[in-house]
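K.L.:
Please read through the structure below; I'll follow up with questions.
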Amino acid sequence: MGRVQFVGQPLRRPWKPAWSRACFGLCIQSIERRGKWILLNLTSDRCLIVHLGMTGRLLVADRRTQRPAHTHLLFDLPSDRQEMRFIDPRRFGSVTLSTQTERNRFLGRAGLGPEPWQLADREWRQALRRSRRSLKAILLDQRIVAGLGNIYADESLHQARLSPLLRGCDVTQAQARRLRLAILNVLERAIQLHGSTIRNFYYGESETGDYQKEFRVYDRADQPCRRCRSTIHCMRLAGRSTHFCPQCQMKPKVDQRTS
DNA sequence: ACAGGATCCTGGGGGC
DNA sequence: TGCCCCCAGGATCCTG
């Protein structure tokens, strides 16, 4: 990696000028992902920790092409024609440089839960059982399961036929399993379709995801449920818009546990 | 422990 | 058409 330039406006975690110098001459050795964090492992024991936030993008492009609006960071690549660009209109994202030790400490502090497909049935059940919070809040909590955002939380709950209001401690063994499998199902399908593009993004390359075409509840308030034809509701829960079908995601009225 | 709110930010959409 | 205002989201901090 050659010259590194900060050309934009401050990001959520400010890029320090010293990092540009520190990156010079380093190579990207491997790329990992943990939850919503992208880890670019560099030579010399360094790491670029990237979060895309809402609208962030990491693109490799010909250096001579016009930089899209809201380009904040440029990393010259070994090919003398290419550069890696960090673009982020809303600047909810961030890029930071750290040592591997700092990287591990950072991830440790974040306390990220397992990736969804590494979630053991028993471990998941116990995590739900010990929480009195709503399922929606639990799914958004990166410390319990890493990687779910608002869209996939809502879609997973609908597929599992569970109310977002249901408390973790009230979920039965069968329901917990259904939810875990629904999360896997929703994520696998979304990845297959390259994610969800909600609104037309006005910047950068034009490819879009297609999962939004398969939304069952998200962004479908007042429209009929595709399973039971009832009207999809939208409410605020855990600080986020929460879409659900009050008919087929009904909250059980009676606590059926044998105490 | 947990809920809820505010914060950061921008473009799009609705209302007038 | 052109304002103004609100909304969306992820992480994080603060208050109740």
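All residue names refer to the structure tokens as shown: chains lettered A, B, ... in order, residues numbered from 1 in each chain, ligands numbered from 1 in order.
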Identify all chain A residues at most 9 Å from chain C by counting only C-alpha atoms (C1' of nucleotides); ligands do not count. Present them as a VMD selection string.
P.N.:
chain A and resid 53 to 55 92 to 93 149 to 150 240 to 241
K.L.:
Residues of chain A within 9 Å of chain B, counting only C-alpha atoms (C1' of nucleotides), what are they? List them as a list in words.
P.N.:
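Applying the cut-off to the listed atoms yields Arg12, Pro89, Arg90, Arg91, Phe92, Arg132, Arg133, Arg199, Tyr202, Ala238 and Gly239 of chain A.
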K.L.:
Write out the residues from the selection above, keeping N, CA, C and O atoms, as a short mmCIF file (atom, residue, chain, number, x, y, z; two decimals), in the first residue's frame.
P.N.:
```
data_model
loop_
_atom_site.label_atom_id
_atom_site.label_comp_id
_atom_site.auth_asym_id
_atom_site.auth_seq_id
_atom_site.Cartn_x
_atom_site.Cartn_y
_atom_site.Cartn_z
N ARG A 12 -16.99 8.85 12.12
CA ARG A 12 -17.44 8.58 13.49
C ARG A 12 -16.26 8.40 14.45
O ARG A 12 -16.27 8.87 15.57
N PRO A 89 -21.52 8.64 2.68
CA PRO A 89 -22.29 9.89 2.73
C PRO A 89 -22.68 10.30 4.15
O PRO A 89 -22.54 11.44 4.53
N ARG A 90 -23.17 9.37 4.93
CA ARG A 90 -23.68 9.77 6.25
C ARG A 90 -22.64 9.74 7.34
O ARG A 90 -22.91 10.15 8.46
N ARG A 91 -21.49 9.22 7.04
CA ARG A 91 -20.36 9.21 7.99
C ARG A 91 -20.69 8.53 9.32
O ARG A 91 -20.26 8.97 10.38
N PHE A 92 -21.52 7.49 9.25
CA PHE A 92 -21.73 6.66 10.43
C PHE A 92 -20.65 5.60 10.51
O PHE A 92 -20.49 4.94 11.52
N ARG A 132 -34.91 -10.60 30.22
CA ARG A 132 -36.31 -10.18 30.29
C ARG A 132 -36.62 -9.15 29.21
O ARG A 132 -37.72 -8.62 29.14
N ARG A 133 -35.65 -8.90 28.34
CA ARG A 133 -35.86 -7.91 27.28
C ARG A 133 -36.69 -8.50 26.15
O ARG A 133 -36.86 -9.72 26.03
N ARG A 199 -33.36 2.25 -0.67
CA ARG A 199 -33.60 3.40 -1.52
C ARG A 199 -32.50 3.44 -2.56
O ARG A 199 -31.46 2.84 -2.38
N TYR A 202 -27.29 7.12 -4.47
CA TYR A 202 -26.99 8.13 -5.47
C TYR A 202 -25.51 8.22 -5.75
O TYR A 202 -25.05 9.11 -6.40
N ALA A 238 -37.19 -0.82 21.07
CA ALA A 238 -35.73 -0.82 21.22
C ALA A 238 -35.10 0.31 20.40
O ALA A 238 -34.03 0.16 19.84
N GLY A 239 -35.84 1.43 20.30
CA GLY A 239 -35.31 2.60 19.61
C GLY A 239 -35.31 2.51 18.10
O GLY A 239 -34.75 3.38 17.44
#
```
K.L.:
Can you measure CA of Tyr152 in chain A to CA of Asn41 in chain A for me? One decimal in Å is fine.
P.N.:
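These atoms are spaced 28.0 Å apart.
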K.L.:
Please list as a list in words every residue within 12 Å of Glu214 in chain A, counting only C-alpha atoms (C1' of nucleotides) and excluding residues in the same chain fewer than 2 positions away.
P.N.:
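The residues that qualify are Ile151, Tyr152, Glu155, Gln159, Val186, Arg189, Ala190, Gln192, Leu193, Gly195, Ser196, Thr197, Ile198, Gly209, Asp210, Tyr211, Gln212, Arg216, Val217, Tyr218, Asp219, Arg220 and Arg226 of chain A.
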K.L.:
Determine which residues of range 17-99 of chain A receive a DSSP assignment of alpha helix (DSSP H), computed from the backbone, and state them as an NGL selection string.
P.N.:
:A and (17-23)
K.L.:
If you run DSSP on this backbone, which residues of range 53-187 of chain A come out as strand (DSSP E), and could you give them as a PyMOL selection string?
P.N.:
chain A and resi 57-62+71-76+82-87+94-99
K.L.:
How would the residues just picked look written out with N, CA and C atoms as a PDB file, in the first residue's frame?
P.N.:
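Output (selection.pdb):
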```pdb
ATOM      1  N   ARG A  57     -18.997   2.386   2.054  1.00  0.00           N
ATOM      2  CA  ARG A  57     -18.575   1.442   1.014  1.00  0.00           C
ATOM      3  C   ARG A  57     -17.067   1.454   0.933  1.00  0.00           C
ATOM      4  N   LEU A  58     -16.510   0.273   0.663  1.00  0.00           N
ATOM      5  CA  LEU A  58     -15.083   0.133   0.460  1.00  0.00           C
ATOM      6  C   LEU A  58     -14.917  -0.369  -0.970  1.00  0.00           C
ATOM      7  N   LEU A  59     -14.363   0.450  -1.847  1.00  0.00           N
ATOM      8  CA  LEU A  59     -14.285   0.092  -3.262  1.00  0.00           C
ATOM      9  C   LEU A  59     -12.849   0.192  -3.757  1.00  0.00           C
ATOM     10  N   VAL A  60     -12.498  -0.699  -4.678  1.00  0.00           N
ATOM     11  CA  VAL A  60     -11.222  -0.571  -5.374  1.00  0.00           C
ATOM     12  C   VAL A  60     -11.534  -0.019  -6.755  1.00  0.00           C
ATOM     13  N   ALA A  61     -10.842   1.047  -7.127  1.00  0.00           N
ATOM     14  CA  ALA A  61     -11.147   1.698  -8.399  1.00  0.00           C
ATOM     15  C   ALA A  61      -9.871   2.208  -9.048  1.00  0.00           C
ATOM     16  N   ASP A  62      -9.981   2.466 -10.321  1.00  0.00           N
ATOM     17  CA  ASP A  62      -8.878   3.091 -11.047  1.00  0.00           C
ATOM     18  C   ASP A  62      -8.666   4.485 -10.481  1.00  0.00           C
ATOM     19  N   THR A  71     -16.214  10.709  -0.638  1.00  0.00           N
ATOM     20  CA  THR A  71     -15.037   9.855  -0.492  1.00  0.00           C
ATOM     21  C   THR A  71     -14.200  10.454   0.629  1.00  0.00           C
ATOM     22  N   HIS A  72     -13.834   9.631   1.618  1.00  0.00           N
ATOM     23  CA  HIS A  72     -13.118  10.164   2.780  1.00  0.00           C
ATOM     24  C   HIS A  72     -11.675   9.686   2.874  1.00  0.00           C
ATOM     25  N   LEU A  73     -11.431   8.446   2.425  1.00  0.00           N
ATOM     26  CA  LEU A  73     -10.074   7.908   2.556  1.00  0.00           C
ATOM     27  C   LEU A  73      -9.637   7.240   1.262  1.00  0.00           C
ATOM     28  N   LEU A  74      -8.361   7.408   0.934  1.00  0.00           N
ATOM     29  CA  LEU A  74      -7.781   6.807  -0.269  1.00  0.00           C
ATOM     30  C   LEU A  74      -6.536   6.040   0.112  1.00  0.00           C
ATOM     31  N   PHE A  75      -6.450   4.800  -0.336  1.00  0.00           N
ATOM     32  CA  PHE A  75      -5.264   3.968  -0.086  1.00  0.00           C
ATOM     33  C   PHE A  75      -4.707   3.559  -1.442  1.00  0.00           C
ATOM     34  N   ASP A  76      -3.543   4.070  -1.804  1.00  0.00           N
ATOM     35  CA  ASP A  76      -2.915   3.658  -3.063  1.00  0.00           C
ATOM     36  C   ASP A  76      -2.538   2.188  -2.972  1.00  0.00           C
ATOM     37  N   GLN A  82      -4.488   1.587  -9.288  1.00  0.00           N
ATOM     38  CA  GLN A  82      -5.652   1.369  -8.441  1.00  0.00           C
ATOM     39  C   GLN A  82      -5.528   1.969  -7.056  1.00  0.00           C
ATOM     40  N   GLU A  83      -6.667   2.288  -6.497  1.00  0.00           N
ATOM     41  CA  GLU A  83      -6.705   2.745  -5.112  1.00  0.00           C
ATOM     42  C   GLU A  83      -7.951   2.175  -4.441  1.00  0.00           C
ATOM     43  N   MET A  84      -7.851   2.013  -3.134  1.00  0.00           N
ATOM     44  CA  MET A  84      -9.015   1.583  -2.349  1.00  0.00           C
ATOM     45  C   MET A  84      -9.635   2.846  -1.760  1.00  0.00           C
ATOM     46  N   ARG A  85     -10.951   2.975  -1.919  1.00  0.00           N
ATOM     47  CA  ARG A  85     -11.645   4.174  -1.466  1.00  0.00           C
ATOM     48  C   ARG A  85     -12.651   3.835  -0.377  1.00  0.00           C
ATOM     49  N   PHE A  86     -12.658   4.651   0.644  1.00  0.00           N
ATOM     50  CA  PHE A  86     -13.727   4.538   1.646  1.00  0.00           C
ATOM     51  C   PHE A  86     -14.675   5.698   1.426  1.00  0.00           C
ATOM     52  N   ILE A  87     -15.922   5.344   1.089  1.00  0.00           N
ATOM     53  CA  ILE A  87     -16.943   6.329   0.740  1.00  0.00           C
ATOM     54  C   ILE A  87     -18.086   6.189   1.736  1.00  0.00           C
ATOM     55  N   SER A  94     -16.587   4.060   9.924  1.00  0.00           N
ATOM     56  CA  SER A  94     -15.274   4.485  10.392  1.00  0.00           C
ATOM     57  C   SER A  94     -14.195   3.537   9.892  1.00  0.00           C
ATOM     58  N   VAL A  95     -12.979   4.053   9.832  1.00  0.00           N
ATOM     59  CA  VAL A  95     -11.792   3.251   9.551  1.00  0.00           C
ATOM     60  C   VAL A  95     -10.743   3.669  10.568  1.00  0.00           C
ATOM     61  N   THR A  96     -10.196   2.694  11.277  1.00  0.00           N
ATOM     62  CA  THR A  96      -9.132   3.016  12.241  1.00  0.00           C
ATOM     63  C   THR A  96      -7.976   2.051  12.031  1.00  0.00           C
ATOM     64  N   LEU A  97      -6.789   2.519  12.365  1.00  0.00           N
ATOM     65  CA  LEU A  97      -5.598   1.666  12.283  1.00  0.00           C
ATOM     66  C   LEU A  97      -5.210   1.249  13.686  1.00  0.00           C
ATOM     67  N   SER A  98      -4.862  -0.026  13.826  1.00  0.00           N
ATOM     68  CA  SER A  98      -4.450  -0.502  15.147  1.00  0.00           C
ATOM     69  C   SER A  98      -3.388  -1.574  14.997  1.00  0.00           C
ATOM     70  N   THR A  99      -2.766  -1.911  16.091  1.00  0.00           N
ATOM     71  CA  THR A  99      -1.909  -3.101  16.097  1.00  0.00           C
ATOM     72  C   THR A  99      -2.829  -4.304  16.296  1.00  0.00           C
TER      73      THR A  99
END
```
K.L.:
Quote the spacing between CA of Cys23 in chain A and CA of Leu77 in chain A in Å to one decimal place.
P.N.:
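Spanning CA of Cys23 in chain A to CA of Leu77 in chain A is a straight-line distance of 11.2 Å.
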